[in-house]
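For reference, the structure discussed in these notes is given below.
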Amino acid sequence: MDSLPSQSQDAPIDDVRPIKVICIGAGMSGIICGVRFPQRIKNLDLTIYEKNDSVGGVWYENRYPGVTCDVPSHAFQFTFANNTNWSSFFAPGQEISQYFHDVAERFGVLKHIRFKHVFKKAVWLEDRHKWEVTVLRAEDNAEIKDYADVLINATGNLNKWQWPSVEGLHDFSGPVMHSAAWDESFDYKEKNVSVVGYGSSAVQIVPAMLPSVKSMDHYVRGKAWISPAGFVAADPRKTESDVHNFEHAPEERRGWTEHPETYLKYRHQIENFVNRAQLVHWKGSVLNAEFSKATEESMIRRLRPKPEIWEHLRPDYPPLCRRISPGPRYLEALVDDKLNFIPKGVQRVVADGIIDSDGVFRKTDAIICATGFDTSLTLHDNPIFGQGGVSLDDVWQQEPVAYMSICPAKMPNFFLFVGPNGAPGAGSTIQMSECAAEYMIKCIQKLQRENLKSIVVRQKAVDDFMQQVDTYFAKTTFSYTCNNWAKRSAAGRVVGYWPGSAVHQRVALENPRWEDFDYESSDGNSLAWMGNGLTASQLNNTPTTHYLDLVDIPEITPKLDGLIGMRSTGTDARS
């Protein structure tokens with residue numbers, strides 16, 4: 001058939017206009033975009049720009065000793081790509097990174113990715129209703145401009161690691177490295193090392209490095225709860241309170257591979273447990289009381305050889321005010337004689353060592369900074385400008401907010417993975433990103449179906465969503481006062497976590513509320529998308545009765561079964 005007319009009223013109602021989508025980032029969420037968008041969106045031109053030379057994002061970049069996901073591996077995988085070969089209950093980071101690469105390769109994502117392209121800026125061109133995206137091509141340092149109808153940000157909130165603000169840090173004569181930029185050539189065996197920080201990376205690095213080093217100085221300025229392993233006992237093998245991880249035997253993995261239905265049943269078991277964990281954050285719940293009690297008892301018992309460490313670590317806020325790391329073997333490492341626990345901050349670094357906040361100098365061979373990421377969501381180095389030239393930083397000047405965690409105000413045709421209030425307080429980020437992707441797909445399909453130039457969320461809808469956020473978190477432990485990456489201040493609004501469980505988000509995003517958006521049509525008539533009165537099948541002279549193969553046949557009342565056929569032949573059912 002000849003090409004169809006481009007204007008809506010001259011085209012069949014189901015004509016799908018071409019649409020260009022640019023996605024920034026090829027980590028976990030970018031891979032989902034690369035799998036699901038081409039699968040669901042017709043006439044799609046997709047480009048994914050990635051700063052690294054491979055996929056995986058934070059799991060590709062983080063290679064420090066002991067790097068492990070603190071969500072069970074069987075719940076930290078795509079719903080469409082079961083991995084029956086996880087080596088352990090909590091898989092090491094290198095294994096997760098390889099899984100992401102295998103999935104991207106298997107599902108044809110790599111052909112959409114432009115590696116070693118660093119995102120620099122995006123501008124909404126109001127006269128063209130397109131995004132102008134500027135990226136830096138690493139191989140020749142050339143700036144390239146690309147254009148898209150839709151822009152997706154899949155960089156997440158663990159994208160920009162940061163050095164601690166310490167005087168003289170880079171004057172140190174030995175190795176200085178950040179946990180998120182680990183030098184794999186660094187040999188720390190029999191060296192005196194210093195680890196600065198006590199967050200989720202530090203609690204993995206310390207026990208992983210300790211057996212091989214000569215000695216370790218561990219600078220812990222703040223306080224932290226470390227959870228007992230028993231509270232992630234989704235598998236009976238973890239019911240012992242201090243059994244943090246275990247390997248899956250080759251025969252177990254082989255059995256899962258040969259009998260995928262058995263593995264699916266096991267995955268149901270694990271994910272069901274993880275999904276129920278949300279109640280641990282509810283103030284006054286039985287689960288919260290049990291967890292709090294078990295956490296304190298576990299820490300006291302495991303730190304008993306050096307009770308002064310417990311006295312320093314014990315926070316003045318209740319457990320679960322912030323996300324708690326299980327910290328496998330971390331507390332046991334703190335009482336090891338090879339480790340010098342220093343409950344002080346770092347004042348200054350000199351050529352051969354560290355001076356703590358009390359002015360005490362300690363010589364060291366290497367400094368490891370496990371000091372986390374910039375989670376402010378500010379975009380000073382790579383700004384995004386929306387309606388009227390307003391920047392996303394300006395929109396978020398008071399605090400970062402986005403409708404359903406996906407759509408910021410004043411940003412047409414722009415969607416976020418793991419945006420403000422987009423991370424799980426308990427559960428798997430992967431499941432939530434998959435649901436966000438399906439939501440974005442429905443929005444893009446609406447743009448195509450109704451021949452819209454733009455879709456942008458209404459400010460009132462953003463405000464209403466944030467009111468719901470505040471209402472939910474008021475009843476949770478996250479409302480307690482403490483330093484938490486999910487809040488901009490210790491007593492501030494929660495802007496990191498979704499207001500509910502991961503499965504709650506799945507239901508919330510299933511049916512978009514189209515009335516929460518403003519639209520700009522490509523035609524003067526908002527119903528011009530109804531077209532010329534025909535379907536493409538009619539114009540193409542192809543079958544038009546596909547609906548007969550998709551009938552959802554209702555259940556027939558048993559005692560009337562057969563009456564329809566009898567009446568159709570004229571037979572009296574009463575005879």
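By order of appearance in the structure tokens: chains A, B, ..., then residues from 1 within every chain, and ligands from 1 in the order shown.
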
Write out, as a tab-separated table, each residue of segment 259-319 of chain A that has an atom at most 6 Å from segment 216-225 of chain A, together with the closest pair of atoms and their distance in Å to one decimal, counting only C-alpha atoms, rows going by chain and rising number.
residue	atom	partner	partner_atom	distance
A:Leu313	CA	A:Lys223	CA	4.4
A:Arg314	CA	A:Lys223	CA	5.9
A:Pro315	CA	A:Lys223	CA	5.1

I'd like the neighbourhood of Gly359 of chain A as an NGL selection string, where a residue qualifies if any of its atoms comes within 12 Å (using only C-alpha atoms), though same-chain residues fewer than 2 positions away should be ignored.
:A and (344-349 or 354-357 or 361-362)

Keeping only C-alpha atoms, write those residues as a tab-separated table (two decimals), in the first residue's frame.
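Once written, selection02.tsv looks like this:
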chain	number	residue	atom	x	y	z
A	344	LYS	CA	35.91	10.21	65.35
A	345	GLY	CA	35.70	12.18	62.14
A	346	VAL	CA	38.65	13.05	59.93
A	347	GLN	CA	40.02	16.57	60.42
A	348	ARG	CA	42.86	16.50	57.90
A	349	VAL	CA	44.92	14.19	55.71
A	354	ILE	CA	45.23	10.90	58.92
A	355	ILE	CA	44.62	13.40	61.71
A	356	ASP	CA	41.27	12.78	63.41
A	357	SER	CA	38.88	15.36	64.84
A	361	PHE	CA	47.69	11.39	63.96
A	362	ARG	CA	47.74	7.81	62.63

Computed interatomic separation between atom CA of Tyr266 of chain A and atom CA of Phe90 of chain A (Å)
14.7 Å

Spatial neighbours of Val193 of chain A, max dist 12 Å, only C-alpha atoms, sep filter under 5 positions, as a PyMOL selection string
chain A and resi 174-177+186-188+205-206+209-210+212-219+338-340+352-354+362-369

Check the DSSP output for the backbone and give back, as a PyMOL selection string, the residues of segment 181-375 of chain A in alpha helix (DSSP H).
chain A and resi 202-209+250-258+260-276+286-302+307-313+330-334

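For Pro408 of chain A, the non-local neighbours within 10 Å, defined as residues at least 5 positions apart in the same chain or in other chains and counting only C-alpha atoms, are Gly386, Leu392, Val395, Trp396, Pro400, Val401, Ala402, Tyr403, Phe414, Phe415, Leu416, Gly419, Pro420, Val456, Val457, Arg458, Gln459 and Val462 of chain A.
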
Using only C-alpha atoms, which protein or nucleic acid residues come within 9 Å of Tyr64 of chain A? Drop anything in the same chain fewer than 6 positions from it, and give the result as a list of chain:residue names.
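Answer for this query is A:Gly93, A:His178, A:Ser179, A:Ala180, A:Ala181, A:Trp182, A:Asp183, A:Glu184, A:Ser201, A:Gln204, A:Ile205.
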
Filtering to N, CA, C and O atoms, could you give me those residues as an mmCIF file, in the first residue's frame?
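Once written, selection-v1.cif looks like this:
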data_model
loop_
_atom_site.group_PDB
_atom_site.id
_atom_site.type_symbol
_atom_site.label_atom_id
_atom_site.label_comp_id
_atom_site.auth_asym_id
_atom_site.auth_seq_id
_atom_site.Cartn_x
_atom_site.Cartn_y
_atom_site.Cartn_z
ATOM 1 N N GLY A 93 28.445 -8.516 43.556
ATOM 2 C CA GLY A 93 28.190 -7.481 42.560
ATOM 3 C C GLY A 93 28.614 -7.858 41.158
ATOM 4 O O GLY A 93 27.927 -7.530 40.179
ATOM 5 N N HIS A 178 37.772 5.874 46.187
ATOM 6 C CA HIS A 178 36.378 5.863 46.612
ATOM 7 C C HIS A 178 35.814 4.479 46.308
ATOM 8 O O HIS A 178 36.192 3.838 45.328
ATOM 9 N N SER A 179 34.902 4.041 47.149
ATOM 10 C CA SER A 179 34.324 2.704 46.958
ATOM 11 C C SER A 179 33.661 2.561 45.594
ATOM 12 O O SER A 179 33.643 1.463 45.020
ATOM 13 N N ALA A 180 33.122 3.652 45.037
ATOM 14 C CA ALA A 180 32.432 3.589 43.745
ATOM 15 C C ALA A 180 33.382 3.761 42.565
ATOM 16 O O ALA A 180 32.945 3.731 41.416
ATOM 17 N N ALA A 181 34.672 3.959 42.832
ATOM 18 C CA ALA A 181 35.668 4.080 41.761
ATOM 19 C C ALA A 181 36.892 3.256 42.152
ATOM 20 O O ALA A 181 38.015 3.754 42.188
ATOM 21 N N TRP A 182 36.660 1.999 42.444
ATOM 22 C CA TRP A 182 37.694 1.124 42.991
ATOM 23 C C TRP A 182 38.763 0.793 41.948
ATOM 24 O O TRP A 182 38.451 0.481 40.791
ATOM 25 N N ASP A 183 40.016 0.865 42.383
ATOM 26 C CA ASP A 183 41.140 0.481 41.538
ATOM 27 C C ASP A 183 41.402 -1.009 41.760
ATOM 28 O O ASP A 183 41.927 -1.413 42.804
ATOM 29 N N GLU A 184 41.025 -1.810 40.771
ATOM 30 C CA GLU A 184 41.131 -3.265 40.934
ATOM 31 C C GLU A 184 42.572 -3.758 40.944
ATOM 32 O O GLU A 184 42.830 -4.914 41.279
ATOM 33 N N SER A 201 28.175 0.754 51.895
ATOM 34 C CA SER A 201 29.397 0.260 51.251
ATOM 35 C C SER A 201 30.439 -0.134 52.293
ATOM 36 O O SER A 201 31.087 -1.185 52.179
ATOM 37 N N GLN A 204 30.238 -3.489 53.983
ATOM 38 C CA GLN A 204 30.651 -4.627 53.155
ATOM 39 C C GLN A 204 32.165 -4.657 52.974
ATOM 40 O O GLN A 204 32.787 -5.718 53.003
ATOM 41 N N ILE A 205 32.767 -3.479 52.797
ATOM 42 C CA ILE A 205 34.211 -3.393 52.561
ATOM 43 C C ILE A 205 35.008 -3.860 53.773
ATOM 44 O O ILE A 205 35.977 -4.626 53.647
#

Mind pulling up the distance from atom CA of Ile444 of chain A to atom CA of Gln468 of chain A?
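We find that atom CA of Gln468 of chain A and atom CA of Ile444 of chain A lie 25.7 Å from each other.
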
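The interatomic distance for the pair atom CA of Glu258 of chain A and atom CA of Asn83 of chain A works out to 12.2 Å.
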
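Close contacts of Arg329 of chain A, defined as residues with an atom at most 8 Å away when counting only C-alpha atoms, with chain neighbours fewer than 2 positions off set aside, comprise Pro207, His244, Gly327, Leu331, Glu332 and Ala333 of chain A.
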
Keeping only all heavy atoms, write the selected residues to a file as a compact mmCIF listing (two decimals), in the first residue's frame.
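What landed in selection.txt:
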# COMPACT_ATOMS: atom_id res chain seq x y z
N PRO A 207 34.52 -6.00 56.45
CA PRO A 207 34.74 -7.44 56.68
C PRO A 207 35.38 -8.15 55.50
O PRO A 207 36.03 -9.19 55.69
CB PRO A 207 33.33 -7.97 56.95
CG PRO A 207 32.41 -7.00 56.32
CD PRO A 207 33.09 -5.68 56.44
N HIS A 244 24.19 -14.93 57.50
CA HIS A 244 23.86 -13.83 56.60
C HIS A 244 23.72 -14.26 55.15
O HIS A 244 22.98 -13.64 54.39
CB HIS A 244 24.93 -12.74 56.69
CG HIS A 244 24.84 -11.95 57.96
ND1 HIS A 244 23.96 -10.92 58.13
CD2 HIS A 244 25.52 -12.05 59.12
CE1 HIS A 244 24.10 -10.40 59.33
NE2 HIS A 244 25.04 -11.08 59.95
N GLY A 327 24.54 -5.72 56.87
CA GLY A 327 25.95 -5.72 57.27
C GLY A 327 26.51 -7.08 57.61
O GLY A 327 27.00 -7.27 58.73
N LEU A 331 29.70 -6.41 62.21
CA LEU A 331 29.86 -6.24 63.66
C LEU A 331 30.95 -7.17 64.19
O LEU A 331 31.69 -6.80 65.10
CB LEU A 331 28.53 -6.51 64.37
CG LEU A 331 27.39 -5.54 64.03
CD1 LEU A 331 26.14 -5.91 64.80
CD2 LEU A 331 27.79 -4.09 64.32
N GLU A 332 31.03 -8.35 63.61
CA GLU A 332 32.09 -9.28 64.02
C GLU A 332 33.47 -8.71 63.68
O GLU A 332 34.45 -8.90 64.42
CB GLU A 332 31.89 -10.64 63.34
CG GLU A 332 30.71 -11.45 63.86
CD GLU A 332 29.35 -10.91 63.43
OE1 GLU A 332 29.30 -10.07 62.51
OE2 GLU A 332 28.33 -11.33 64.02
N ALA A 333 33.55 -7.99 62.55
CA ALA A 333 34.82 -7.38 62.16
C ALA A 333 35.20 -6.25 63.12
O ALA A 333 36.39 -6.05 63.42
CB ALA A 333 34.74 -6.83 60.74

From a backbone DSSP assignment, name each residue in segment 173-388 of chain A labelled strand (DSSP E or B), as a PyMOL selection string.
chain A and resi 176-178+192-196+215-219+226+247+282+325+339-342+346-350+353-356+361-363+366-369+373+384-385

Take the selection from the previous step and output its residues with N, CA and C atoms, as a compact mmCIF listing (two decimals), in the first residue's frame.
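Written out: again_4.txt:
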# COMPACT_ATOMS: atom_id res chain seq x y z
N VAL A 176 44.52 6.54 47.35
CA VAL A 176 43.27 7.07 47.88
C VAL A 176 42.18 6.71 46.88
N MET A 177 41.18 6.01 47.35
CA MET A 177 40.13 5.62 46.40
C MET A 177 38.76 5.67 47.04
N HIS A 178 37.77 5.87 46.19
CA HIS A 178 36.38 5.86 46.61
C HIS A 178 35.81 4.48 46.31
N ASN A 192 48.57 -1.54 56.04
CA ASN A 192 47.80 -0.82 57.05
C ASN A 192 46.85 0.12 56.31
N VAL A 193 45.58 -0.14 56.38
CA VAL A 193 44.61 0.64 55.60
C VAL A 193 43.66 1.39 56.54
N SER A 194 43.08 2.47 56.00
CA SER A 194 42.10 3.25 56.74
C SER A 194 40.81 3.30 55.93
N VAL A 195 39.69 3.01 56.58
CA VAL A 195 38.38 3.08 55.94
C VAL A 195 37.59 4.20 56.60
N VAL A 196 37.16 5.15 55.79
CA VAL A 196 36.40 6.30 56.28
C VAL A 196 34.95 6.14 55.83
N SER A 215 46.53 -4.32 59.24
CA SER A 215 45.70 -3.68 60.26
C SER A 215 44.75 -2.72 59.56
N MET A 216 43.68 -2.34 60.26
CA MET A 216 42.70 -1.43 59.68
C MET A 216 42.27 -0.40 60.72
N ASP A 217 42.36 0.87 60.34
CA ASP A 217 41.76 1.96 61.12
C ASP A 217 40.40 2.27 60.49
N HIS A 218 39.36 2.20 61.29
CA HIS A 218 38.01 2.43 60.76
C HIS A 218 37.41 3.66 61.44
N TYR A 219 37.25 4.74 60.67
CA TYR A 219 36.74 6.00 61.19
C TYR A 219 35.22 6.02 61.08
N ILE A 226 22.50 -1.86 62.76
CA ILE A 226 22.81 -2.96 61.84
C ILE A 226 21.81 -4.07 62.11
N GLU A 247 25.63 -20.29 50.00
CA GLU A 247 25.76 -20.61 48.58
C GLU A 247 24.69 -21.59 48.15
N TRP A 282 6.06 0.54 59.84
CA TRP A 282 4.88 1.18 60.39
C TRP A 282 5.01 1.31 61.90
N SER A 325 21.15 -1.48 56.91
CA SER A 325 21.88 -2.52 56.18
C SER A 325 22.02 -3.75 57.05
N LEU A 339 41.35 -4.69 63.87
CA LEU A 339 40.65 -3.45 63.52
C LEU A 339 40.69 -2.47 64.68
N ASN A 340 41.04 -1.24 64.39
CA ASN A 340 41.05 -0.16 65.36
C ASN A 340 39.83 0.71 65.10
N PHE A 341 38.83 0.58 65.95
CA PHE A 341 37.59 1.33 65.80
C PHE A 341 37.80 2.73 66.34
N ILE A 342 37.64 3.74 65.47
CA ILE A 342 37.91 5.13 65.84
C ILE A 342 36.61 5.93 65.74
N VAL A 346 37.33 12.75 60.46
CA VAL A 346 38.65 13.05 59.93
C VAL A 346 38.79 14.56 59.79
N GLN A 347 39.80 15.12 60.48
CA GLN A 347 40.02 16.57 60.42
C GLN A 347 40.86 16.93 59.20
N ARG A 348 41.93 16.16 58.97
CA ARG A 348 42.86 16.50 57.90
C ARG A 348 43.65 15.27 57.49
N VAL A 349 44.04 15.24 56.22
CA VAL A 349 44.92 14.19 55.71
C VAL A 349 46.26 14.82 55.36
N VAL A 350 47.33 14.15 55.76
CA VAL A 350 48.68 14.60 55.41
C VAL A 350 49.34 13.52 54.55
N GLY A 353 49.43 10.03 56.47
CA GLY A 353 48.43 9.54 57.41
C GLY A 353 47.25 10.48 57.58
N ILE A 354 46.49 10.20 58.64
CA ILE A 354 45.23 10.90 58.92
C ILE A 354 45.29 11.52 60.31
N ILE A 355 44.78 12.74 60.42
CA ILE A 355 44.62 13.40 61.71
C ILE A 355 43.12 13.45 62.00
N ASP A 356 42.71 12.83 63.12
CA ASP A 356 41.27 12.78 63.41
C ASP A 356 40.78 14.07 64.04
N PHE A 361 47.15 11.84 65.25
CA PHE A 361 47.69 11.39 63.96
C PHE A 361 47.88 9.88 63.96
N ARG A 362 47.51 9.25 62.84
CA ARG A 362 47.74 7.81 62.63
C ARG A 362 48.29 7.59 61.24
N LYS A 363 49.39 6.89 61.19
CA LYS A 363 50.03 6.58 59.91
C LYS A 363 49.24 5.49 59.20
N ALA A 366 47.04 3.32 52.98
CA ALA A 366 46.01 3.57 51.96
C ALA A 366 44.75 4.08 52.64
N ILE A 367 43.99 4.90 51.91
CA ILE A 367 42.75 5.46 52.44
C ILE A 367 41.59 5.05 51.53
N ILE A 368 40.59 4.43 52.13
CA ILE A 368 39.39 4.02 51.41
C ILE A 368 38.24 4.92 51.87
N CYS A 369 37.63 5.64 50.94
CA CYS A 369 36.51 6.52 51.26
C CYS A 369 35.19 5.84 50.87
N PHE A 373 27.15 8.78 47.91
CA PHE A 373 26.80 9.45 46.67
C PHE A 373 26.11 10.78 46.94
N ILE A 384 18.58 20.38 32.80
CA ILE A 384 17.44 20.07 31.95
C ILE A 384 16.49 21.26 32.01
N PHE A 385 16.17 21.82 30.84
CA PHE A 385 15.34 23.01 30.76
C PHE A 385 14.01 22.67 30.09
